[in-house]
Structure formats: structure tokens, C-alpha cells
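Chemist: To be precise about what I am sending: the file is called entry13.csv and holds CSV, C-alpha atoms and all ligand atoms.
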chain,number,residue,atom,x,y,z
A,16,MET,CA,-33.3,-16.5,-1.3
A,17,GLN,CA,-34.0,-13.1,-2.7
A,18,ASP,CA,-31.4,-11.8,-0.4
A,19,GLN,CA,-28.9,-14.3,-1.6
A,20,ASN,CA,-29.6,-13.3,-5.3
A,21,ALA,CA,-29.2,-9.6,-4.5
A,22,LYS,CA,-25.9,-10.3,-2.8
A,23,PHE,CA,-24.6,-12.4,-5.7
A,24,GLY,CA,-25.8,-9.8,-8.2
A,25,ALA,CA,-23.9,-7.1,-6.3
A,26,VAL,CA,-20.7,-9.2,-6.3
A,27,LEU,CA,-21.1,-9.7,-10.0
A,28,ARG,CA,-21.5,-6.0,-10.6
A,29,GLN,CA,-18.4,-5.3,-8.5
A,30,HIS,CA,-16.6,-8.0,-10.5
A,31,ALA,CA,-17.5,-6.4,-13.8
A,32,HIS,CA,-16.5,-3.0,-12.5
A,33,THR,CA,-13.1,-4.2,-11.2
A,34,THR,CA,-12.5,-6.1,-14.5
A,35,ARG,CA,-12.9,-2.9,-16.4
A,36,LEU,CA,-10.6,-1.0,-14.0
A,37,PHE,CA,-7.8,-3.5,-13.5
A,38,GLY,CA,-8.1,-5.7,-16.6
A,39,VAL,CA,-8.2,-8.9,-14.7
A,40,ASP,CA,-11.1,-11.4,-14.7
A,41,PHE,CA,-11.9,-12.1,-11.1
A,42,ILE,CA,-14.6,-12.1,-8.6
A,43,PRO,CA,-13.9,-10.1,-5.5
A,44,ILE,CA,-14.8,-11.9,-2.4
A,45,GLY,CA,-17.7,-10.0,-0.9
A,46,ARG,CA,-19.5,-10.2,2.4
A,47,GLY,CA,-21.9,-13.0,2.6
A,48,VAL,CA,-20.3,-15.0,-0.2
A,49,ALA,CA,-18.2,-17.9,0.9
A,50,PRO,CA,-14.7,-17.9,-0.4
A,51,SER,CA,-15.2,-21.3,-1.9
A,52,ALA,CA,-18.1,-19.9,-3.9
A,53,ALA,CA,-15.8,-17.3,-5.5
A,54,PRO,CA,-13.0,-18.7,-7.6
A,55,ALA,CA,-9.8,-16.8,-7.7
A,56,VAL,CA,-10.0,-16.4,-11.5
A,57,ALA,CA,-13.2,-16.6,-13.3
A,58,LYS,CA,-14.8,-15.5,-16.6
A,59,ALA,CA,-16.2,-12.0,-16.7
A,60,PRO,CA,-19.9,-12.2,-15.9
A,61,GLN,CA,-22.5,-9.9,-17.4
A,62,PRO,CA,-24.3,-7.6,-17.4
A,63,PRO,CA,-22.0,-4.8,-16.1
A,64,ALA,CA,-23.2,-2.4,-13.4
A,65,SER,CA,-25.5,0.4,-14.3
A,66,ALA,CA,-24.8,3.9,-13.1
A,67,GLY,CA,-25.9,4.8,-9.7
A,68,GLU,CA,-26.0,1.3,-8.2
A,69,ALA,CA,-24.7,0.8,-4.7
A,70,PRO,CA,-21.2,-0.6,-4.5
A,71,ALA,CA,-21.1,-4.3,-3.5
A,72,VAL,CA,-18.2,-3.9,-1.1
A,73,PRO,CA,-19.0,-2.0,2.1
A,74,SER,CA,-16.9,0.9,3.2
A,75,LYS,CA,-13.5,-0.2,4.5
A,76,THR,CA,-12.6,3.1,6.0
A,77,ALA,CA,-15.0,3.2,8.9
A,78,LYS,CA,-13.3,4.4,12.1
A,79,ARG,CA,-11.5,1.7,13.9
A,80,THR,CA,-12.9,0.2,17.1
A,81,ALA,CA,-11.7,1.3,20.4
A,82,SER,CA,-9.5,-1.7,20.6
A,83,GLY,CA,-7.8,-0.7,17.4
A,84,ARG,CA,-6.9,2.7,18.8
A,85,SER,CA,-7.0,2.2,22.5
A,86,GLY,CA,-4.5,4.1,24.6
A,87,ALA,CA,-3.6,6.5,21.8
A,88,SER,CA,-3.6,10.2,22.2
A,89,GLY,CA,-2.1,12.8,20.0
A,90,ASP,CA,-2.7,13.9,16.4
A,91,PRO,CA,-1.3,11.6,13.6
A,92,ALA,CA,-1.3,14.5,11.1
A,93,ALA,CA,0.8,16.6,13.4
A,94,ALA,CA,3.1,13.7,14.1
A,95,LEU,CA,3.6,13.1,10.4
A,96,GLN,CA,4.4,16.8,9.9
A,97,LYS,CA,7.0,16.6,12.7
A,98,ILE,CA,8.5,13.4,11.2
A,99,ARG,CA,8.8,15.3,7.9
A,100,GLU,CA,10.6,18.2,9.5
A,101,LEU,CA,13.0,15.7,11.2
A,102,TYR,CA,13.6,14.0,7.9
A,103,GLU,CA,14.4,17.3,6.2
A,104,LEU,CA,16.6,18.4,9.1
A,105,ASP,CA,18.5,15.1,9.3
A,106,ALA,CA,18.6,14.7,5.5
A,107,PRO,CA,19.7,11.0,5.4
A,108,HIS,CA,19.8,11.2,1.6
A,109,ALA,CA,22.8,13.5,2.0
A,110,SER,CA,24.8,10.3,2.8
A,111,PHE,CA,24.2,8.7,-0.6
A,112,VAL,CA,24.0,9.6,-4.3
A,113,THR,CA,20.6,11.0,-5.2
A,114,GLU,CA,19.2,13.4,-7.9
A,115,PHE,CA,16.2,15.2,-6.6
A,116,GLN,CA,14.3,18.4,-6.8
A,117,ASN,CA,11.7,17.6,-4.2
A,118,ILE,CA,11.5,15.4,-1.2
A,119,VAL,CA,8.6,13.0,-1.6
A,120,PHE,CA,7.6,12.3,2.0
A,121,GLY,CA,4.3,10.5,1.5
A,122,GLU,CA,0.6,11.4,1.3
A,123,GLY,CA,-2.9,10.2,2.2
A,124,SER,CA,-5.0,9.8,5.3
A,125,PRO,CA,-3.1,10.1,8.6
A,126,SER,CA,-5.6,7.6,10.1
A,127,ALA,CA,-5.6,5.2,7.2
A,128,ARG,CA,-6.3,1.5,7.9
A,129,LEU,CA,-4.2,0.6,4.8
A,130,MET,CA,-0.8,1.8,3.8
A,131,PHE,CA,1.1,1.2,0.6
A,132,VAL,CA,4.9,1.3,0.6
A,133,GLY,CA,6.8,1.6,-2.6
A,134,GLU,CA,10.5,2.0,-3.2
A,135,ALA,CA,11.5,5.5,-4.3
A,136,PRO,CA,10.2,8.5,-6.2
A,137,GLY,CA,10.6,8.5,-10.0
A,138,ALA,CA,10.7,11.5,-12.4
A,139,GLU,CA,7.0,12.6,-12.0
A,140,GLU,CA,7.1,12.1,-8.2
A,141,ASP,CA,10.3,14.2,-8.0
A,142,LYS,CA,8.7,17.0,-10.1
A,143,THR,CA,5.6,17.1,-8.0
A,144,GLY,CA,6.7,16.0,-4.6
A,145,ARG,CA,4.0,13.4,-4.5
A,146,PRO,CA,4.3,9.6,-4.4
A,147,PHE,CA,3.1,7.4,-7.2
A,148,VAL,CA,1.8,10.0,-9.7
A,149,GLY,CA,3.6,8.7,-12.8
A,150,ARG,CA,2.6,5.6,-14.9
A,151,ALA,CA,3.1,3.2,-12.0
A,152,GLY,CA,1.1,5.5,-9.8
A,153,GLN,CA,-1.8,5.5,-12.3
A,154,LEU,CA,-1.9,1.7,-12.1
A,155,LEU,CA,-1.7,1.9,-8.3
A,156,ASP,CA,-4.7,4.2,-8.4
A,157,LYS,CA,-6.6,1.6,-10.4
A,158,MET,CA,-5.6,-1.1,-7.9
A,159,ILE,CA,-6.8,1.0,-5.0
A,160,GLU,CA,-10.1,1.7,-6.8
A,161,ALA,CA,-10.5,-2.0,-7.7
A,162,MET,CA,-10.2,-2.7,-3.9
A,163,GLY,CA,-13.3,-0.4,-3.4
A,164,LEU,CA,-11.2,2.4,-1.8
A,165,LYS,CA,-10.2,5.9,-2.7
A,166,ARG,CA,-6.6,7.1,-2.9
A,167,GLU,CA,-7.2,9.7,-0.2
A,168,GLU,CA,-8.4,7.0,2.2
A,169,VAL,CA,-5.1,5.2,2.2
A,170,TYR,CA,-1.6,6.4,2.9
A,171,ILE,CA,1.2,6.0,0.3
A,172,ALA,CA,4.9,6.2,1.2
A,173,ASN,CA,8.2,5.0,-0.1
A,174,VAL,CA,11.4,3.6,1.5
A,175,LEU,CA,13.5,6.4,0.0
A,176,LYS,CA,12.1,9.9,0.0
A,177,THR,CA,14.4,11.2,-2.8
A,178,ARG,CA,14.8,10.1,-6.4
A,179,PRO,CA,17.7,7.7,-7.1
A,180,PRO,CA,19.8,8.5,-10.2
A,181,LYS,CA,18.4,6.7,-13.2
A,182,ASN,CA,15.6,5.3,-11.0
A,183,ALA,CA,18.1,2.8,-9.5
A,184,THR,CA,16.8,0.3,-7.0
A,185,PRO,CA,17.6,1.5,-3.5
A,186,THR,CA,20.6,-0.2,-2.0
A,187,THR,CA,20.4,-2.0,1.4
A,188,GLU,CA,22.4,0.8,2.9
A,189,GLU,CA,20.2,3.6,1.5
A,190,SER,CA,17.1,1.7,2.7
A,191,ARG,CA,18.7,1.3,6.2
A,192,LEU,CA,19.5,5.1,6.4
A,193,CYS,CA,15.9,6.1,5.5
A,194,ALA,CA,14.1,3.3,7.3
A,195,PRO,CA,13.6,5.0,10.7
A,196,TYR,CA,11.5,7.7,9.0
A,197,LEU,CA,9.3,5.2,7.3
A,198,TYR,CA,9.0,3.3,10.6
A,199,ALA,CA,8.0,6.5,12.3
A,200,GLN,CA,5.4,7.2,9.6
A,201,ILE,CA,3.9,3.7,10.2
A,202,GLY,CA,4.0,4.4,14.0
A,203,ALA,CA,2.2,7.7,13.5
A,204,ILE,CA,-0.5,6.3,11.2
A,205,ARG,CA,-0.8,2.9,12.9
A,206,PRO,CA,-2.4,1.2,9.9
A,207,GLU,CA,-3.8,-2.3,10.3
A,208,PHE,CA,-2.5,-3.4,7.0
A,209,ILE,CA,0.5,-2.6,4.7
A,210,VAL,CA,0.8,-3.6,1.1
A,211,THR,CA,4.5,-3.6,0.2
A,212,LEU,CA,5.0,-2.9,-3.5
A,213,GLY,CA,8.2,-4.6,-4.8
A,214,LEU,CA,11.2,-6.1,-3.1
A,215,PRO,CA,12.9,-3.1,-1.4
A,216,SER,CA,10.0,-2.3,0.9
A,217,THR,CA,9.1,-5.9,1.3
A,218,ARG,CA,12.6,-6.9,2.3
A,219,LEU,CA,13.0,-3.9,4.6
A,220,LEU,CA,9.8,-4.4,6.5
A,221,LEU,CA,10.0,-8.2,6.7
A,222,ASP,CA,13.8,-8.3,7.2
A,223,SER,CA,14.0,-11.0,4.6
A,224,THR,CA,16.1,-11.7,1.6
A,225,GLU,CA,13.6,-14.1,0.0
A,226,ALA,CA,12.3,-13.7,-3.5
A,227,MET,CA,8.9,-12.0,-4.1
A,228,ALA,CA,7.5,-15.2,-5.4
A,229,ARG,CA,8.0,-16.8,-2.0
A,230,LEU,CA,6.8,-13.8,0.0
A,231,ARG,CA,3.7,-12.7,-1.8
A,232,GLY,CA,0.3,-14.2,-1.3
A,233,ARG,CA,0.5,-14.7,2.4
A,234,TRP,CA,0.4,-12.5,5.5
A,235,HIS,CA,3.4,-11.3,7.4
A,236,GLU,CA,3.8,-9.1,10.4
A,237,PHE,CA,5.8,-5.9,11.0
A,238,ALA,CA,6.3,-4.2,14.4
A,239,VAL,CA,7.5,-0.6,14.6
A,240,PRO,CA,10.9,-1.1,16.3
A,241,GLU,CA,11.5,-0.1,19.9
A,242,ALA,CA,15.0,1.1,18.9
A,243,LEU,CA,14.0,4.1,16.9
A,244,PRO,CA,16.1,7.3,17.1
A,245,PRO,CA,14.8,9.0,20.3
A,246,LYS,CA,13.6,12.1,18.4
A,247,LEU,CA,11.3,9.9,16.2
A,248,ALA,CA,10.3,7.7,19.1
A,249,GLU,CA,9.2,10.8,21.0
A,250,VAL,CA,6.9,11.9,18.2
A,251,ILE,CA,5.1,8.5,17.9
A,252,SER,CA,5.1,7.4,21.6
A,253,PRO,CA,2.0,9.5,22.6
A,254,LEU,CA,0.2,7.8,19.7
A,255,GLY,CA,1.1,4.3,20.9
A,256,GLY,CA,3.2,3.9,17.7
A,257,VAL,CA,6.3,2.3,19.1
A,258,GLY,CA,5.9,-1.4,18.9
A,259,HIS,CA,2.7,-1.1,16.8
A,260,LYS,CA,2.1,-4.3,14.9
A,261,VAL,CA,0.8,-4.3,11.3
A,262,ARG,CA,-0.1,-7.1,9.0
A,263,VAL,CA,1.9,-7.0,5.8
A,264,MET,CA,0.9,-8.3,2.4
A,265,PRO,CA,3.8,-8.1,-0.2
A,266,THR,CA,3.0,-7.9,-3.8
A,267,TYR,CA,4.7,-7.0,-7.1
A,268,HIS,CA,5.5,-3.4,-7.8
A,269,PRO,CA,3.1,-1.7,-10.3
A,270,ALA,CA,6.1,-0.7,-12.4
A,271,PHE,CA,7.0,-4.4,-12.7
A,272,LEU,CA,3.4,-5.2,-13.7
A,273,LEU,CA,3.7,-2.5,-16.4
A,274,ARG,CA,6.8,-4.1,-17.8
A,275,GLN,CA,5.3,-7.6,-17.6
A,276,TYR,CA,1.7,-7.0,-18.1
A,277,THR,CA,0.6,-10.6,-18.3
A,278,THR,CA,-2.8,-12.0,-17.2
A,279,GLU,CA,-0.9,-14.2,-14.8
A,280,ASN,CA,1.0,-11.4,-13.1
A,281,ARG,CA,-2.1,-9.3,-12.9
A,282,ALA,CA,-4.1,-12.2,-11.4
A,283,LYS,CA,-1.3,-12.7,-8.8
A,284,VAL,CA,-1.4,-9.1,-7.7
A,285,TRP,CA,-5.2,-9.1,-7.6
A,286,ALA,CA,-5.2,-12.2,-5.5
A,287,ASP,CA,-2.8,-10.5,-3.0
A,288,LEU,CA,-5.0,-7.4,-2.9
A,289,ARG,CA,-8.1,-9.4,-2.6
A,290,MET,CA,-6.7,-11.0,0.6
A,291,VAL,CA,-6.4,-7.5,2.0
A,292,VAL,CA,-9.9,-6.5,0.9
A,293,ASP,CA,-11.2,-9.7,2.6
A,294,GLU,CA,-9.5,-8.9,5.9
A,295,MET,CA,-10.6,-5.2,5.8
A,296,GLY,CA,-14.2,-6.4,5.8
B,1,LIG,N1,7.7,3.9,-7.8
B,1,LIG,C1,7.8,3.9,-6.4
B,1,LIG,O1,8.3,2.9,-5.8
B,1,LIG,N2,7.4,5.0,-5.8
B,1,LIG,C2,6.9,6.0,-6.4
B,1,LIG,O2,6.5,7.0,-5.7
B,1,LIG,C3,6.8,6.0,-7.8
B,1,LIG,C4,7.2,5.0,-8.5
What is this structure when it is put down as C-alpha cells?
Ligand code: URA
Modeler:
Amino acid sequence: MQDQNAKFGAVLRQHAHTTRLFGVDFIPIGRGVAPSAAPAVAKAPQPPASAGEAPAVPSKTAKRTASGRSGASGDPAAALQKIRELYELDAPHASFVTEFQNIVFGEGSPSARLMFVGEAPGAEEDKTGRPFVGRAGQLLDKMIEAMGLKREEVYIANVLKTRPPKNATPTTEESRLCAPYLYAQIGAIRPEFIVTLGLPSTRLLLDSTEAMARLRGRWHEFAVPEALPPKLAEVISPLGGVGHKVRVMPTYHPAFLLRQYTTENRAKVWADLRMVVDEMG
């Protein structure tokens, strides 16, 4: 009983912490608490966590089991570097209109269990060469933290690696031209989960034209295509990246959330992220 109370208290503290971070009233589903006991949207409990208390959600970045990585050899960080060089050499963005100072390749842990894929760099990203560092990025950071993770534990990439003029939404053709490099990044990292942020990355990875409202809130699967350009396939083959299957959770883009910052939209995004947290264990 004491054990149960301690667990529930920990969940409540996590809830209060996440509420402060993300501005949504919810109770994350923690280990040992049945999903039915944790309503998707609930009133904020009290009291909030005091400093120094252990987080309720256990580390989600522990090394994968042998089965998760079996058969793989090679260095994902070196593979990512090679993919970056190939991207710079091939410059797929030279075939469409783009306004950029810096290529924004992606960043994070080369062995991340979780990857986020956005659409394209904006002004801040273009200036710094880093993904999601502007306003949308700050919200993404809060989302990651609310999941009980650190930004450096996940990997963040975009469909396009260069800034579109006036932050235009990537066209299907632009996405198609840049897709093999994103697929190769996924094949090098071999994450277990991908959260696609917004429609361009969702539609690309799910090969779908459905609306976000129909795609979000449930799991999909993406497999790194066998038919990659040979140069990219060569880089990820030693890692077992070709054909690698990932579970995909689509959700709204943080920039959309910032434009329509309603409780309802935030609750939807949190519900999507919570499904990921739950699966990550
Ligand atoms: N929006 C994106 O989709 N990606 C970024 O890196 C920044 C904003």
C-alpha cells in the first residue's frame, strides 16, 4: 500500500512538473499506474514537486537490448558524418529554390531511441545551422522535457536541410529530392520511435495524403527503403539500417501549436507524446 502511495505521489509530482513545463493539465502514465487510472486530461493536482526529488519517469535512454541492435556493426556517428558529406556533395537543394546560409543537417544522439522529424529550417536554424532553435524549437524543447527526456538524448532532423524562401512549406518534389538523406539518417541511427512534427514529414514517412487529424494519435510504421541510392545504402548497410523498421507517431508541428495555442490542441499533442512515453517504458 505504501508502495502504491509512493508511486502515485511520484506520478502526481511528474504531472505538476509537466503542467508547468508544457501548460497542459494531464497526468503522464507512469510505470505501475494502470492507464485506466490515469485520465488523459485531469485537473492539476497539488502539491508540486519539491527540489531534489527523484523523477517519476524512469530513464528512457538506457541502451537497447541485444535484440534491438543485433547484427549491427559500425559507428552511427561516423555514418551520420558520411551522410552529411554526401548531402553536401550532392546538394539536392540546388534543384529547387532555397534561401540559406547554412545547411541544417540535424543534431542529437547518434544512438537515440527517439527521433523527431520536422519540415525545414527557419530563420534561426539557418543562422545557427541547428534544427529547432527558434520559437518552435523552444516549444519542442519543452515537449521533450515534459516527456522526461533531454534534448541531447534524442535526434532532431528535418525533411529539408535548407531554409525555404519565406518559410514556405516544402513541396512534394522538394521532399522527394531530400528524402533519401533523411532515410539514411534514420538508417544510421536506427531509432525505435519517430515523432513526425507536422504534415510534410508525416506524409513523407507514411506515404500518405491524409489530414493530420486522421493520422495523429495512433501508431504507424516506417521502414528504411531498400531502394536507397547505393552511396547512402553503403553507409548504413553495416549498421543494419536498410529495411530498419520504426514506429511512427505523427503529431502537430510546434509552430502550428504556437499559432493555435489552445488547450485542446496542446492536449492532443500531449496525448500523442504520452503514447510515445508509454511505449518507451
Ligand atoms: N520548423 C521545422 O520544421 N524545423 C526546424 O528546424 C525549425 C522550425
Chemist: What does the list of residues within 8 Å of ligand LIG 1 (chain B) look like if you count only C-alpha atoms and all ligand atoms, written as an NGL selection string?
Modeler: :A and (119 or 132-137 or 139-140 or 145-152 or 172-174 or 212-213 or 268-270)
Chemist: Just the residues within 8 Å of A:Ala199, please, counting all atoms listed in the file, with nothing from its chain fewer than 2 positions along; format it as a VMD selection string.
Modeler: chain A and resid 98 195 to 197 201 to 203 239 243 247 to 248 251 256
Chemist: So which residues touch stretch 158-160 of chain A within 10 Å, counting all atoms listed in the file, skipping near sequence neighbours fewer than 3 positions away, as a list in words?
Modeler: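 Listed by chain and then number, they are His32, Thr33, Leu36, Phe37, Phe131, Gly152, Gln153, Leu154, Leu155, Gly163, Leu164, Lys165, Arg166, Glu167, Glu168, Val169, Pro269, Val284, Trp285 and Leu288 of chain A.
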Chemist: Which residues are near A:Tyr102? Cut-off 12 Å, all atoms listed in the file, ignore same chain within fewer than 2 positions. Put them as a PDB file with C-alpha atoms, keeping the file's coordinate frame.
Modeler:
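part03.pdb, freshly written:
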ATOM      1  CA  LEU A  95       3.600  13.100  10.400  1.00  0.00           C
ATOM      2  CA  GLN A  96       4.400  16.800   9.900  1.00  0.00           C
ATOM      3  CA  LYS A  97       7.000  16.600  12.700  1.00  0.00           C
ATOM      4  CA  ILE A  98       8.500  13.400  11.200  1.00  0.00           C
ATOM      5  CA  ARG A  99       8.800  15.300   7.900  1.00  0.00           C
ATOM      6  CA  GLU A 100      10.600  18.200   9.500  1.00  0.00           C
ATOM      7  CA  LEU A 104      16.600  18.400   9.100  1.00  0.00           C
ATOM      8  CA  ASP A 105      18.500  15.100   9.300  1.00  0.00           C
ATOM      9  CA  ALA A 106      18.600  14.700   5.500  1.00  0.00           C
ATOM     10  CA  PRO A 107      19.700  11.000   5.400  1.00  0.00           C
ATOM     11  CA  HIS A 108      19.800  11.200   1.600  1.00  0.00           C
ATOM     12  CA  ALA A 109      22.800  13.500   2.000  1.00  0.00           C
ATOM     13  CA  ILE A 118      11.500  15.400  -1.200  1.00  0.00           C
ATOM     14  CA  VAL A 119       8.600  13.000  -1.600  1.00  0.00           C
ATOM     15  CA  PHE A 120       7.600  12.300   2.000  1.00  0.00           C
ATOM     16  CA  GLY A 121       4.300  10.500   1.500  1.00  0.00           C
ATOM     17  CA  LEU A 175      13.500   6.400   0.000  1.00  0.00           C
ATOM     18  CA  LYS A 176      12.100   9.900   0.000  1.00  0.00           C
ATOM     19  CA  THR A 177      14.400  11.200  -2.800  1.00  0.00           C
ATOM     20  CA  LEU A 192      19.500   5.100   6.400  1.00  0.00           C
ATOM     21  CA  CYS A 193      15.900   6.100   5.500  1.00  0.00           C
ATOM     22  CA  ALA A 194      14.100   3.300   7.300  1.00  0.00           C
ATOM     23  CA  PRO A 195      13.600   5.000  10.700  1.00  0.00           C
ATOM     24  CA  TYR A 196      11.500   7.700   9.000  1.00  0.00           C
ATOM     25  CA  LEU A 197       9.300   5.200   7.300  1.00  0.00           C
ATOM     26  CA  TYR A 198       9.000   3.300  10.600  1.00  0.00           C
ATOM     27  CA  ALA A 199       8.000   6.500  12.300  1.00  0.00           C
ATOM     28  CA  GLN A 200       5.400   7.200   9.600  1.00  0.00           C
ATOM     29  CA  PRO A 244      16.100   7.300  17.100  1.00  0.00           C
ATOM     30  CA  LYS A 246      13.600  12.100  18.400  1.00  0.00           C
ATOM     31  CA  LEU A 247      11.300   9.900  16.200  1.00  0.00           C
TER      32      LEU A 247
END
Chemist: Neighbours of A:Phe208 within 8 Å (only C-alpha atoms; same-chain residues fewer than 4 positions away dropped), as a list in words?
Modeler: Arg128, Leu129, Met130, Val261, Arg262, Val263, Met264 and Val291 of chain A
Chemist: Nearest to A:Lys181 among A:Thr266, A:Glu279, A:Phe115, A:Pro206, with distances taken over all atoms listed in the file: which residue is it?
Modeler: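 Of A:Thr266, A:Glu279, A:Phe115, A:Pro206, the one nearest A:Lys181, counting all atoms listed in the file, is A:Phe115.
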Chemist: From the options A:Thr113, A:Leu230, A:Thr184, A:Arg178, which residue's atoms come nearest to A:Lys142, counting all atoms listed in the file?
Modeler: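 Closest candidate: A:Arg178.
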Chemist: Quote the spacing between atom CA of A:Pro253 and atom CA of A:Ser88 in Å to one decimal place.
Modeler: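 So the answer is 5.7 Å.
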Chemist: Find, counting only C-alpha atoms, the residue in A:Val292, A:Ile171, A:Ala183, A:Met162 that gets nearest to A:Ala138.
Modeler: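 Of all the options, A:Ala183 lies closest to A:Ala138.
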Chemist: Counting only C-alpha atoms, which of A:Ala242, A:Val112, A:Leu221, A:Val210 gets nearest to A:Arg289?
Modeler: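 Ranked by minimum distance to A:Arg289, first place goes to A:Val210.
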Chemist: Measuring atom to atom with all atoms listed in the file, identify which of A:Trp234, A:Pro179, A:Thr186, A:Ala286 is nearest to A:Gln116.
Modeler: A:Pro179
Chemist: What is the atom CA of A:Pro180 to atom CA of A:Gly123 distance in Å?
Modeler: 25.9 Å
Chemist: Taking all listed atoms of stretch 251-268 of chain A, build the axis-aligned box, pad each of the six sides by 3 Å, then write its centre and edge lengths in Å to one decimal as JSON.
Modeler:
{"center_x": 3.1, "center_y": 0.6, "center_z": 7.4, "size_x": 12.4, "size_y": 23.8, "size_z": 36.4}
Chemist: In Å, with one decimal, what is the gap from atom CA of A:Ser124 to atom CA of A:Pro91?
Modeler: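 Interatomic distance here is 9.3 Å.
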Chemist: Could you check which of A:Leu101, A:Ser126, A:Ser216, A:Lys283 is closest to A:Leu254, using only C-alpha atoms?
Modeler: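 Result for the nearest residue to A:Leu254: A:Ser126.
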Chemist: Generate the missing atoms of stretch 137-148 of chain A up to N, CA, C and O atoms and report them as a PDB file, in the frame of the given file.
Modeler:
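Okay, this is what ended up in part26.pdb:
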ATOM      1  N   GLY A 137      10.073   8.443  -8.629  1.00  0.00           N
ATOM      2  CA  GLY A 137      10.600   8.500 -10.000  1.00  0.00           C
ATOM      3  C   GLY A 137      10.526   9.957 -10.468  1.00  0.00           C
ATOM      4  O   GLY A 137      10.377  10.884  -9.662  1.00  0.00           O
ATOM      5  N   ALA A 138      10.600  10.154 -11.794  1.00  0.00           N
ATOM      6  CA  ALA A 138      10.700  11.500 -12.400  1.00  0.00           C
ATOM      7  C   ALA A 138       9.468  12.362 -12.020  1.00  0.00           C
ATOM      8  O   ALA A 138       9.605  13.519 -11.579  1.00  0.00           O
ATOM      9  N   GLU A 139       8.280  11.808 -12.217  1.00  0.00           N
ATOM     10  CA  GLU A 139       7.000  12.600 -12.000  1.00  0.00           C
ATOM     11  C   GLU A 139       6.893  12.925 -10.507  1.00  0.00           C
ATOM     12  O   GLU A 139       6.472  14.027 -10.142  1.00  0.00           O
ATOM     13  N   GLU A 140       7.236  11.945  -9.678  1.00  0.00           N
ATOM     14  CA  GLU A 140       7.100  12.100  -8.200  1.00  0.00           C
ATOM     15  C   GLU A 140       8.090  13.217  -7.778  1.00  0.00           C
ATOM     16  O   GLU A 140       7.764  14.079  -6.952  1.00  0.00           O
ATOM     17  N   ASP A 141       9.292  13.181  -8.361  1.00  0.00           N
ATOM     18  CA  ASP A 141      10.300  14.200  -8.000  1.00  0.00           C
ATOM     19  C   ASP A 141       9.867  15.582  -8.417  1.00  0.00           C
ATOM     20  O   ASP A 141      10.086  16.546  -7.698  1.00  0.00           O
ATOM     21  N   LYS A 142       9.209  15.662  -9.572  1.00  0.00           N
ATOM     22  CA  LYS A 142       8.700  17.000 -10.100  1.00  0.00           C
ATOM     23  C   LYS A 142       7.652  17.539  -9.159  1.00  0.00           C
ATOM     24  O   LYS A 142       7.611  18.734  -8.893  1.00  0.00           O
ATOM     25  N   THR A 143       6.753  16.645  -8.727  1.00  0.00           N
ATOM     26  CA  THR A 143       5.600  17.100  -8.000  1.00  0.00           C
ATOM     27  C   THR A 143       5.672  17.032  -6.488  1.00  0.00           C
ATOM     28  O   THR A 143       4.863  17.628  -5.776  1.00  0.00           O
ATOM     29  N   GLY A 144       6.630  16.239  -6.010  1.00  0.00           N
ATOM     30  CA  GLY A 144       6.700  16.000  -4.600  1.00  0.00           C
ATOM     31  C   GLY A 144       5.690  15.089  -4.017  1.00  0.00           C
ATOM     32  O   GLY A 144       5.474  15.011  -2.808  1.00  0.00           O
ATOM     33  N   ARG A 145       5.024  14.342  -4.926  1.00  0.00           N
ATOM     34  CA  ARG A 145       4.000  13.400  -4.500  1.00  0.00           C
ATOM     35  C   ARG A 145       4.298  11.984  -4.911  1.00  0.00           C
ATOM     36  O   ARG A 145       4.806  11.767  -6.017  1.00  0.00           O
ATOM     37  N   PRO A 146       3.983  11.017  -4.040  1.00  0.00           N
ATOM     38  CA  PRO A 146       4.300   9.600  -4.400  1.00  0.00           C
ATOM     39  C   PRO A 146       3.361   9.043  -5.425  1.00  0.00           C
ATOM     40  O   PRO A 146       2.185   9.417  -5.477  1.00  0.00           O
ATOM     41  N   PHE A 147       3.875   8.166  -6.233  1.00  0.00           N
ATOM     42  CA  PHE A 147       3.100   7.400  -7.200  1.00  0.00           C
ATOM     43  C   PHE A 147       2.093   8.263  -7.990  1.00  0.00           C
ATOM     44  O   PHE A 147       0.878   8.106  -7.890  1.00  0.00           O
ATOM     45  N   VAL A 148       2.647   9.167  -8.772  1.00  0.00           N
ATOM     46  CA  VAL A 148       1.800  10.000  -9.700  1.00  0.00           C
ATOM     47  C   VAL A 148       2.168   9.749 -11.136  1.00  0.00           C
ATOM     48  O   VAL A 148       1.521  10.300 -12.021  1.00  0.00           O
TER      49      VAL A 148
END
